[in-house]
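Take a look at the structure set out below.
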Amino acid sequence: MFKKIMKGGHRKPSKSESNDQSMYGFGPPGRSGPGSNVVVSHASRGAPVPSSPGPVAATPPPPPMGSVEPLPLFRDVPVSERQLLFMRKLQICSFQFEFTDTLKNVREKEIKRQTLLELVDFIQSGSGKITEACQEEMIKMISLNVFRCLPPASHENTGQEPADPEEEEPYLEPSWPHLQLVYELLLRYVVSSDTDTKVAKRYIDHSFVLKLLDLFDSEDPREREYLKTILHRIYGKFMVHRPFIRKAINNIFYRFIYETERHSGIGELLEILGSIINGFALPMKEEHKLFLVRALIPLHKPKPISLYHQQLSYCIVQFVEKDYKLADTVIRGLLKYWPVTNCQKEVLFLGELEEVLEATQPVEFQRCIVPLFQQIGRCLNSSHFQVAERALFLWNNEHIVNLVAQNQRVILSIIFSALEKNIRSHWNQAVHGLTVNVKKMFMEMDGELFEECEREYEEKQAKSKDVEEERLLKWRRLAEAAAQRD
């Protein structure tokens, strides 16, 4: 035994090392199929910290050189022996390898990759229904391969301030040649018509789903894409898990909004939710409305909103289209989290506001006219030309123009001063031209109302001028009185 150890044999891992992680290789960008060519690459990050052992079995250590031998193909053995061969192939795939050294265990890595491909083809072809024991072992093998501690972000390693997530290069999992095939196997198992949900739910349980959700924080976009597809399929197939999945996603959002403001998979989770919201039955449950108010609307608060705003906006609009009475709640929620100093974020908010207003009915629109157009007025006068321009583009939308025409008396009195200020003093010519067009539109809607607002504006300007002159006169008198006392 001593000689074996000295020659590089592997000791049995302790319990704390039971989930010792491997470094991973990666293939071409995008979601490539199981048969795609993969290219192994080095990674600059160190291996992930070992995770604590879960309910799954301990991770087998990498086998000694030459101990993994290829097994016969499924088509080369009798049907009666295929289940046993399936189990033996799962055992081979339970071994994990280091990818930091591309020359280490090359033969064994290729055997595992080919074995995973065979397992995927076997499940996909439906050539034989696998037994419950095989299903259990397969989920164990999948768990051993995919459930791991994710490597820390670069700023966590160095102690530096977190960089802008948009500017960071994504970390690509080096073990992708194996990891991708394991995910493909899980996906094929979930979507297979031979998979009985009554049996499968024993192994794809709440603990399994929760660990899948933890992996959404992976920086590798290819992994998140697979996770999104798999979780969506699980949600569709396992009805018993639906409330739990929604609640677990809620908790991820709460932690992101109120604690970390850093998570790589918010966009993918919102994509899944967009499809889920689309399937909500009417009348909408109170639980779903609370989710909108407590999770989706506050997601407008975090700084990195640009990374997931498109998906968030889709979910928000889905709610309004499902139940038009929620429009007032959504618009007031947007106004609550409206950015003060972040101009790019303001442009995103204005784009989303336009989509929401397109789905808004006149009754709901009237409820929020005053705060809404007070904010739009501030945007019209923004010194950042993109913000002012995007606010003026609202009048290019026919539905919004109709809503404005029905309530022009209230709206024009709120934004008239903003329009006049732009025409008289805004530095950008494009903003100046768009403001003139909006002003003409109001004149054509109701000339008398426009003249009335113009008179009121001139009166206010004259009054404010008198007040300013009086204020200056008081200061002058105070200065003179102080000079006489001196």
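Ordered as shown in the structure tokens, chains take letters A, B, and onward, while each chain numbers its residues from 1 and ligands are numbered from 1 in the order shown.
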| said: Set the distance at 10 Å and use only C-alpha atoms: which residues neighbour range 377-387 of chain A once local chain neighbours fewer than 2 positions away are removed? I'd like the list as a PyMOL selection string. | reply: chain A and resi 343-350+371-375+389-393+411+414-422+425-432+435
Per residue of range 90-151 of chain A within 12 Å of range 205-211 of chain A, what are the shortest atom pair and its distance in Å to one decimal, counting only C-alpha atoms, with rows by chain and residue number, as a tab-separated table?
residue	atom	partner	partner_atom	distance
A:Glu136	CA	A:Asp205	CA	11.6
A:Ile139	CA	A:Phe208	CA	9.2
A:Lys140	CA	A:Phe208	CA	10.1
A:Ile142	CA	A:Phe208	CA	10.4
A:Ser143	CA	A:Phe208	CA	8.1
A:Leu144	CA	A:Phe208	CA	11.5
A:Val146	CA	A:Lys211	CA	9.3
A:Phe147	CA	A:Lys211	CA	6.7
A:Arg148	CA	A:Lys211	CA	9.0
A:Cys149	CA	A:Lys211	CA	10.3
A:Leu150	CA	A:Lys211	CA	11.6
| Contacts of range 396-398 of chain A at 9 Å (only C-alpha atoms; same-chain gap of 5+ positions) as a PyMOL selection string | chain A and resi 354+358+403
| field | Residues near Leu185 in chain A, cut-off 8 Å, only C-alpha atoms, skip fewer than 2 positions along chain, as a list in words | value | Leu116, Leu119, Val120, Ile123, Leu181, Val182, Tyr183, Leu187, Arg188 and Tyr189 of chain A
| query | Quick one, how far is CA of Ser193 in chain A from CA of Phe238 in chain A? | reply |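 Here the two named atoms are 13.0 Å from each other.
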